[in-house]
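Okay, target-v2.cif is below, mmCIF, C-alpha atoms (C1' of nucleotides):
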```
data_final
#
loop_
_atom_site.label_atom_id
_atom_site.label_comp_id
_atom_site.auth_asym_id
_atom_site.auth_seq_id
_atom_site.Cartn_x
_atom_site.Cartn_y
_atom_site.Cartn_z
CA MET N 211 -31.96 -7.89 1.61
CA ARG N 212 -29.54 -7.75 -1.32
CA ILE N 213 -26.04 -6.38 -1.25
CA GLY N 214 -27.03 -3.14 -2.95
CA ASP N 215 -29.67 -2.49 -0.31
CA LEU N 216 -27.25 -3.13 2.50
CA SER N 217 -24.79 -0.84 0.79
CA ALA N 218 -27.39 1.92 0.49
CA ARG N 219 -28.36 1.62 4.13
CA THR N 220 -24.86 1.56 5.56
CA GLY N 221 -22.91 3.68 3.15
CA ALA N 222 -20.40 0.91 2.64
CA THR N 223 -19.69 0.10 -0.98
CA THR N 224 -20.59 -3.32 -2.29
CA ARG N 225 -16.91 -3.96 -2.70
CA ALA N 226 -16.34 -3.22 0.96
CA LEU N 227 -19.19 -5.52 2.00
CA ARG N 228 -17.75 -8.40 -0.02
CA TYR N 229 -14.40 -7.66 1.52
CA TYR N 230 -15.90 -7.83 5.00
CA GLU N 231 -17.41 -11.19 4.22
CA GLU N 232 -14.13 -12.37 2.74
CA GLN N 233 -12.46 -11.43 6.03
CA GLY N 234 -15.05 -13.35 7.98
CA LEU N 235 -16.60 -10.26 9.51
CA LEU N 236 -19.93 -10.68 7.82
CA THR N 237 -21.95 -13.72 6.76
CA SER N 238 -24.73 -14.18 4.26
CA THR N 239 -27.03 -16.81 2.92
CA ARG N 240 -27.27 -17.28 -0.81
CA SER N 241 -30.14 -17.29 -3.23
CA ALA N 242 -30.62 -20.15 -5.68
CA GLY N 243 -28.56 -18.22 -8.18
CA GLY N 244 -25.77 -17.48 -5.74
CA HIS N 245 -26.60 -13.90 -4.80
CA ARG N 246 -25.98 -12.84 -1.22
CA ARG N 247 -28.91 -12.29 1.13
CA PHE N 248 -28.53 -10.15 4.21
CA THR N 249 -30.79 -9.49 7.18
CA GLU N 250 -31.74 -6.46 9.23
CA GLN N 251 -29.21 -7.44 11.84
CA ASP N 252 -26.49 -7.14 9.26
CA VAL N 253 -27.22 -3.44 8.95
CA ASP N 254 -26.28 -2.92 12.58
CA ARG N 255 -23.37 -5.24 12.21
CA VAL N 256 -21.91 -3.33 9.29
CA ARG N 257 -22.37 -0.05 11.13
CA TYR N 258 -20.54 -1.54 14.04
CA LEU N 259 -17.77 -2.72 11.76
CA GLN N 260 -17.47 0.76 10.31
CA ARG N 261 -17.03 2.23 13.76
CA LEU N 262 -14.28 -0.22 14.53
CA TYR N 263 -12.52 0.44 11.25
CA LEU N 264 -12.82 4.14 11.76
CA ALA N 265 -11.24 3.57 15.12
CA GLY N 266 -8.16 2.26 13.45
CA LEU N 267 -8.63 -1.40 14.27
CA SER N 268 -7.54 -3.86 11.60
CA SER N 269 -9.63 -6.64 10.13
CA GLN N 270 -7.65 -9.18 12.09
CA THR N 271 -8.23 -7.41 15.36
CA ILE N 272 -11.90 -7.00 14.69
CA LEU N 273 -12.10 -10.64 13.76
CA ALA N 274 -10.57 -11.58 17.08
CA LEU N 275 -13.06 -9.48 19.04
CA LEU N 276 -16.18 -10.08 17.03
CA PRO N 277 -17.07 -13.60 18.17
CA TRP N 278 -17.39 -12.41 21.71
CA CYS N 279 -19.12 -9.18 20.80
CA LEU N 280 -21.82 -10.85 18.80
CA SER N 281 -22.39 -14.28 20.24
CA THR N 282 -23.44 -15.73 23.55
CA PRO N 283 -20.37 -15.83 25.79
CA THR N 284 -18.94 -19.14 26.85
CA PRO N 285 -16.19 -19.69 29.44
CA ASP N 286 -13.67 -20.41 26.71
CA ASN N 287 -14.11 -17.43 24.47
CA THR N 288 -14.82 -15.12 27.39
CA ASP N 289 -11.32 -15.52 28.76
CA ALA N 290 -9.65 -15.16 25.42
CA ALA N 291 -11.78 -12.20 24.41
CA PHE N 292 -11.12 -10.51 27.71
CA ALA N 293 -7.39 -10.77 27.24
CA ARG N 294 -7.60 -9.61 23.67
CA MET N 295 -9.79 -6.65 24.43
CA THR N 296 -7.60 -5.52 27.25
CA GLU N 297 -4.59 -5.79 25.01
CA GLU N 298 -6.28 -3.79 22.29
CA ARG N 299 -7.38 -1.20 24.76
CA GLU N 300 -3.81 -0.69 25.82
CA LYS N 301 -2.59 -0.40 22.26
CA LEU N 302 -5.33 2.08 21.57
CA ASP N 303 -4.35 4.02 24.63
CA ALA N 304 -0.73 4.14 23.52
CA HIS N 305 -1.81 5.20 20.07
CA ILE N 306 -3.89 8.02 21.50
CA ALA N 307 -1.03 9.14 23.70
CA GLU N 308 1.32 9.20 20.74
CA LEU N 309 -1.08 11.23 18.67
CA SER N 310 -1.53 13.60 21.57
CA ARG N 311 2.19 14.16 21.77
CA THR N 312 2.21 14.82 18.07
CA ARG N 313 -0.56 17.31 18.44
CA ASP N 314 1.40 19.03 21.17
CA SER N 315 4.49 19.32 19.03
CA LEU N 316 2.38 20.65 16.22
CA ASP N 317 0.97 23.16 18.67
CA ASP N 318 4.51 24.24 19.43
CA LEU N 319 5.15 24.86 15.78
CA ILE N 320 1.95 26.82 15.48
CA ALA N 321 2.74 28.85 18.56
CA GLY N 322 6.14 29.65 17.13
CA ASN N 323 4.54 30.78 13.94
CA ARG N 324 1.99 32.87 15.76
CA ALA N 325 4.65 34.55 17.88
CA PHE N 326 6.68 35.23 14.80
CA ARG N 327 3.73 36.80 13.06
CA ALA N 328 2.93 38.88 16.10
CA SER N 329 6.48 40.21 16.26
CA LYS N 330 6.34 41.38 12.71
CA ALA N 331 4.29 44.18 11.35
CA TRP N 332 3.84 43.09 7.79
CA MET J 257 29.88 13.80 5.73
CA ARG J 258 28.84 10.69 3.85
CA ILE J 259 25.43 9.09 3.86
CA GLY J 260 26.52 6.32 6.23
CA ASP J 261 27.69 8.86 8.76
CA LEU J 262 24.50 10.81 8.55
CA SER J 263 22.61 7.55 8.96
CA ALA J 264 24.62 6.64 12.04
CA ARG J 265 24.08 10.01 13.62
CA THR J 266 20.37 10.24 12.97
CA GLY J 267 19.25 6.65 13.12
CA ALA J 268 17.60 6.95 9.73
CA THR J 269 18.53 4.20 7.30
CA THR J 270 20.48 5.18 4.20
CA ARG J 271 17.46 4.14 2.21
CA ALA J 272 15.32 6.57 4.15
CA LEU J 273 17.83 9.38 3.63
CA ARG J 274 17.85 8.83 -0.12
CA TYR J 275 14.08 8.75 0.00
CA TYR J 276 14.01 12.09 1.82
CA GLU J 277 16.23 13.58 -0.83
CA GLU J 278 14.08 12.09 -3.55
CA GLN J 279 11.07 13.77 -1.95
CA GLY J 280 12.86 17.09 -1.86
CA LEU J 281 13.14 17.17 1.93
CA LEU J 282 16.92 16.98 1.95
CA THR J 283 19.64 18.18 -0.40
CA SER J 284 23.23 17.15 -0.91
CA THR J 285 26.27 18.00 -2.93
CA ARG J 286 28.11 15.28 -4.78
CA SER J 287 31.71 14.10 -4.78
CA ALA J 288 33.62 13.62 -8.03
CA GLY J 289 32.47 10.01 -8.05
CA GLY J 290 28.84 10.88 -7.44
CA HIS J 291 28.64 10.12 -3.73
CA ARG J 292 26.40 12.32 -1.60
CA ARG J 293 27.98 14.82 0.78
CA PHE J 294 26.06 16.12 3.76
CA THR J 295 26.77 18.84 6.30
CA GLU J 296 26.34 19.22 10.03
CA GLN J 297 23.16 21.15 9.43
CA ASP J 298 21.71 18.14 7.71
CA VAL J 299 21.93 16.21 10.96
CA ASP J 300 19.55 18.66 12.58
CA ARG J 301 17.43 18.73 9.51
CA VAL J 302 17.00 14.97 9.44
CA ARG J 303 16.18 14.92 13.14
CA TYR J 304 13.58 17.55 12.47
CA LEU J 305 12.18 15.50 9.63
CA GLN J 306 11.97 12.51 11.91
CA ARG J 307 9.98 14.50 14.41
CA LEU J 308 7.52 15.53 11.75
CA TYR J 309 7.20 11.98 10.42
CA LEU J 310 6.70 10.75 13.94
CA ALA J 311 4.00 13.33 14.19
CA GLY J 312 2.14 11.49 11.49
CA LEU J 313 2.69 14.07 8.79
CA SER J 314 3.16 12.85 5.24
CA SER J 315 6.02 13.77 2.96
CA GLN J 316 3.73 16.05 1.05
CA THR J 317 2.63 17.86 4.18
CA ILE J 318 6.17 18.21 5.41
CA LEU J 319 7.22 19.49 2.04
CA ALA J 320 4.54 22.13 2.31
CA LEU J 321 5.69 23.19 5.77
CA LEU J 322 9.44 22.94 5.31
CA PRO J 323 10.03 26.15 3.39
CA TRP J 324 8.65 28.05 6.31
CA CYS J 325 10.43 26.01 8.94
CA LEU J 326 13.87 26.24 7.42
CA SER J 327 14.09 29.38 5.41
CA THR J 328 13.62 33.00 6.11
CA PRO J 329 9.91 33.48 6.48
CA THR J 330 8.08 35.69 4.09
CA PRO J 331 4.52 36.89 4.47
CA ASP J 332 3.37 34.54 1.76
CA ASN J 333 4.71 31.25 2.99
CA THR J 334 4.05 32.13 6.59
CA ASP J 335 0.36 32.45 5.95
CA ALA J 336 0.24 29.26 3.95
CA ALA J 337 2.21 27.31 6.51
CA PHE J 338 0.05 28.61 9.31
CA ALA J 339 -3.10 27.53 7.54
CA ARG J 340 -1.63 24.15 6.75
CA MET J 341 -0.48 23.50 10.28
CA THR J 342 -3.77 24.53 11.76
CA GLU J 343 -5.55 22.25 9.34
CA GLU J 344 -3.33 19.34 10.27
CA ARG J 345 -3.87 20.02 13.91
CA GLU J 346 -7.61 19.84 13.48
CA LYS J 347 -7.44 16.59 11.59
CA LEU J 348 -5.30 15.18 14.33
CA ASP J 349 -7.71 16.38 16.96
CA ALA J 350 -10.64 14.75 15.22
CA HIS J 351 -8.69 11.54 14.91
CA ILE J 352 -7.88 11.55 18.59
CA ALA J 353 -11.49 12.19 19.52
CA GLU J 354 -12.59 9.31 17.35
CA LEU J 355 -10.09 6.97 18.91
CA SER J 356 -11.16 8.08 22.36
CA ARG J 357 -14.76 7.21 21.61
CA THR J 358 -13.68 3.83 20.39
CA ARG J 359 -11.65 3.29 23.52
CA ASP J 360 -14.72 4.12 25.56
CA SER J 361 -16.83 1.63 23.69
CA LEU J 362 -14.11 -0.92 24.12
CA ASP J 363 -14.18 -0.15 27.82
CA ASP J 364 -17.89 -0.81 27.81
CA LEU J 365 -17.33 -4.17 26.26
CA ILE J 366 -14.65 -4.98 28.80
CA ALA J 367 -16.85 -3.89 31.66
CA GLY J 368 -19.64 -6.09 30.37
CA ASN J 369 -17.27 -9.00 30.17
CA ARG J 370 -15.98 -8.39 33.66
CA ALA J 371 -19.50 -8.23 35.08
CA PHE J 372 -20.39 -11.40 33.27
CA ARG J 373 -17.38 -13.20 34.66
CA ALA J 374 -18.12 -11.97 38.16
CA SER J 375 -21.69 -13.23 38.00
CA LYS J 376 -20.57 -16.72 37.13
CA ALA J 377 -18.75 -19.17 39.32
CA TRP J 378 -16.92 -21.22 36.73
"C1'" DC M 145 47.74 -1.88 -6.23
"C1'" DT M 146 44.45 -4.48 -4.17
"C1'" DT M 147 40.85 -5.51 -1.33
"C1'" DG M 148 36.59 -4.83 0.56
"C1'" DA M 149 33.52 -1.57 2.68
"C1'" DA M 150 30.65 2.07 1.38
"C1'" DC M 151 28.28 3.99 -2.10
"C1'" DT M 152 25.48 4.49 -6.54
"C1'" DT M 153 20.93 3.66 -9.33
"C1'" DC M 154 17.21 0.52 -10.57
"C1'" DA M 155 13.33 -1.68 -9.42
"C1'" DC M 156 10.28 -5.02 -7.23
"C1'" DG M 157 8.08 -6.31 -2.48
"C1'" DT M 158 5.23 -5.05 1.59
"C1'" DC M 159 0.64 -4.17 3.97
"C1'" DG M 160 -4.51 -2.96 4.24
"C1'" DG M 161 -8.75 -1.60 2.60
"C1'" DC M 162 -10.72 -1.20 -0.64
"C1'" DG M 163 -11.35 1.01 -6.24
"C1'" DT M 164 -12.12 -0.46 -10.62
"C1'" DC M 165 -12.53 -2.87 -14.81
"C1'" DA M 166 -14.25 -7.25 -17.10
"C1'" DA M 167 -17.02 -11.09 -18.42
"C1'" DA M 168 -20.49 -14.09 -17.01
"C1'" DT M 169 -24.68 -14.89 -14.57
"C1'" DT M 170 -29.18 -13.78 -12.10
"C1'" DT M 171 -32.94 -11.16 -11.00
"C1'" DT M 172 -36.53 -7.83 -11.94
"C1'" DA M 173 -39.54 -4.77 -14.68
"C1'" DG M 174 -42.45 -4.24 -18.45
"C1'" DC U 98 -40.15 -13.36 -23.05
"C1'" DT U 99 -36.85 -9.81 -23.39
"C1'" DA U 100 -34.11 -6.05 -22.05
"C1'" DA U 101 -31.97 -3.85 -18.42
"C1'" DA U 102 -30.34 -3.63 -13.83
"C1'" DA U 103 -28.11 -5.94 -10.18
"C1'" DT U 104 -24.92 -9.24 -8.74
"C1'" DT U 105 -21.30 -12.78 -9.14
"C1'" DT U 106 -16.08 -14.08 -9.11
"C1'" DG U 107 -11.46 -12.84 -10.43
"C1'" DA U 108 -7.71 -10.10 -10.58
"C1'" DC U 109 -4.89 -6.03 -11.09
"C1'" DG U 110 -4.23 -1.04 -9.24
"C1'" DC U 111 -3.19 2.21 -5.59
"C1'" DC U 112 -0.97 4.75 -1.79
"C1'" DG U 113 3.17 5.71 1.50
"C1'" DA U 114 7.46 5.03 3.53
"C1'" DC U 115 10.48 2.75 3.09
"C1'" DG U 116 12.85 -2.75 2.98
"C1'" DT U 117 15.50 -5.51 0.30
"C1'" DG U 118 18.19 -7.30 -2.95
"C1'" DA U 119 21.19 -6.79 -7.34
"C1'" DA U 120 24.80 -5.23 -10.16
"C1'" DG U 121 28.04 -1.98 -10.91
"C1'" DT U 122 31.22 2.10 -9.14
"C1'" DT U 123 34.08 4.58 -5.84
"C1'" DC U 124 36.55 5.38 -1.80
"C1'" DA U 125 39.86 4.52 2.20
"C1'" DA U 126 43.22 1.48 4.25
"C1'" DG U 127 47.15 -1.54 4.11
#
```
Let me see whether you can do it: turn the structure in this file into structure tokens.
Amino acid sequence: MRIGDLSARTGATTRALRYYEEQGLLTSTRSAGGHRRFTEQDVDRVRYLQRLYLAGLSSQTILALLPWCLSTPTPDNTDAAFARMTEEREKLDAHIAELSRTRDSLDDLIAGNRAFRASKAW
Amino acid sequence: MRIGDLSARTGATTRALRYYEEQGLLTSTRSAGGHRRFTEQDVDRVRYLQRLYLAGLSSQTILALLPWCLSTPTPDNTDAAFARMTEEREKLDAHIAELSRTRDSLDDLIAGNRAFRASKAW
DNA sequence: CTTGAACTTCACGTCGGCGTCAAATTTTAG
DNA sequence: CTAAAATTTGACGCCGACGTGAAGTTCAAG
């Protein structure tokens, strides 16, 4: 599969796909002329990457988790990945909590507005 | 009050305060020599700005909401501000939901790891 | 009056995830 | 075989909320 095909099937731009490879999140073989060749598995992989990006994880974080996610676990990387994932989960949790607080304060503003509108007969 | 005082009382750096003014979120009078003069009200105003920034709102968004928050409401800007706030709230909600899904999938990965570790006697 | 702290404007640096243009090459269709 | 489409690498652009000097001016204290 060529890069344009992978792009069409995942929705990621070709630029994004090259960026993913540059970051070590995606690998490819090359044709005689140097063009990238991707496989069916890469479609799933890119979709997975997109989910992680959408989740607010950075390339570095994804890179740290990906080896474990995609390869056969070994004692070494299992321990490290476990620690890293737990750490990320906690960060994510904190992030969610912060956003929730923000939402609440926004709700306060909205409630104030609503009350104000209700008290007035425009 | 000078910019350093306002900085000390709000925790915002002087750079940030000048940036707020540049963005139209804060106003000041000037001394004969051109130095900014702030009032007690500005302390509250900056703290309010900080809350909104902490809430993840951009300068542009804040700028759109501020007229309503700080001035006498009129029917026009009340409606606009209400719409804007509601919109922001929904974006935030969607973002939170997305992060929650990611956290869940991360939990799945962690659970898988844990089970794997438990099944092995290293 | 002098010192030095506080202040002024100007303007480049930062980070991440790409967008976008450019010139050269490769692949594919006819 | 040729023209056109796809792909390659390289490199600058962008956004947002400031950080971080730099060079010059002003203010408050002794």
Next on the checklist: Residues of chain N within 7 Å of chain J, counting all atoms listed in the file, what are they? List them as a VMD selection string.
Outcome noted: chain N and resid 265 292 295 299 302 306 309 312 to 313 316 320 323
Kindly save the residues from that selection, with C-alpha atoms included, as an mmCIF file, in the coordinates of the input.
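Full text of result18.cif as output:
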```cif
data_model
loop_
_atom_site.group_PDB
_atom_site.id
_atom_site.type_symbol
_atom_site.label_atom_id
_atom_site.label_comp_id
_atom_site.auth_asym_id
_atom_site.auth_seq_id
_atom_site.Cartn_x
_atom_site.Cartn_y
_atom_site.Cartn_z
ATOM 1 C CA ALA N 265 -11.240 3.570 15.120
ATOM 2 C CA PHE N 292 -11.120 -10.510 27.710
ATOM 3 C CA MET N 295 -9.790 -6.650 24.430
ATOM 4 C CA ARG N 299 -7.380 -1.200 24.760
ATOM 5 C CA LEU N 302 -5.330 2.080 21.570
ATOM 6 C CA ILE N 306 -3.890 8.020 21.500
ATOM 7 C CA LEU N 309 -1.080 11.230 18.670
ATOM 8 C CA THR N 312 2.210 14.820 18.070
ATOM 9 C CA ARG N 313 -0.560 17.310 18.440
ATOM 10 C CA LEU N 316 2.380 20.650 16.220
ATOM 11 C CA ILE N 320 1.950 26.820 15.480
ATOM 12 C CA ASN N 323 4.540 30.780 13.940
#
```
Distance table requested - chain M against chain N, cut-off 10 Å, all atoms listed in the file: one row per qualifying residue with the closest atom pair and its distance in Å to one decimal, ordered by chain and rising residue number, as JSON lines.
```
{"residue": "M:DG160", "atom": "C1'", "partner": "N:Ser268", "partner_atom": "CA", "distance": 8.0}
{"residue": "M:DG161", "atom": "C1'", "partner": "N:Ala226", "partner_atom": "CA", "distance": 7.9}
{"residue": "M:DC162", "atom": "C1'", "partner": "N:Ala226", "partner_atom": "CA", "distance": 6.2}
{"residue": "M:DG163", "atom": "C1'", "partner": "N:Arg225", "partner_atom": "CA", "distance": 8.3}
{"residue": "M:DT164", "atom": "C1'", "partner": "N:Arg225", "partner_atom": "CA", "distance": 9.9}
{"residue": "M:DT169", "atom": "C1'", "partner": "N:Gly243", "partner_atom": "CA", "distance": 8.2}
{"residue": "M:DT170", "atom": "C1'", "partner": "N:Gly243", "partner_atom": "CA", "distance": 6.0}
{"residue": "M:DT171", "atom": "C1'", "partner": "N:Gly243", "partner_atom": "CA", "distance": 8.8}
```
Item to check | Test item: the PyMOL selection byres ((chain U) within 12 of (chain N)) resolved as a PyMOL selection string | outcome: chain U and resi 102-106
Item to check | Picked residues, the PyMOL selection byres ((chain M and resi 149) around 12), expected as a list in words | outcome: Gly260 of chain J; DT147, DG148, DA150 and DC151 of chain M; DT123, DC124, DA125 and DA126 of chain U
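Copies chain J and chain N share one sequence; their C-alpha RMSD after superposition is 1.4 Å.
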Item to check | Residues selected by the PyMOL selection byres ((chain U and resi 100) around 12), written as a PyMOL selection string | outcome: (chain M and resi 172-174) or (chain U and resi 98-99+101-102)
Item to check | CA of Glu278 (chain J) to CA of Asp318 (chain N), distance in Å rounded to a single decimal | outcome: 27.7 Å
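In this model, the gap between C1' of DT158 (chain M) and C1' of DG116 (chain U) comes to 8.1 Å.
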Checklist entry - Please, which residues are within 12 Å of (17.3, -8.6, -2.5) by the file's coordinates, counting only C-alpha atoms (C1' of nucleotides), and could they come as JSON, numbers by chain? => result {"M": [155, 156, 157], "U": [116, 117, 118, 119, 120]}
Checklist entry - How many Å separate C1' of DA168 (chain M) from CA of Gly234 (chain N)? => result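 Going from C1' of DA168 (chain M) over to CA of Gly234 (chain N), I get 25.6 Å.
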Checklist entry - Residues at most 9 Å from Val299 (chain J), counting all atoms listed in the file, excluding those fewer than 6 positions away in the same chain, as a list in words? => result Leu262, Ser263, Arg265 and Thr266 of chain J
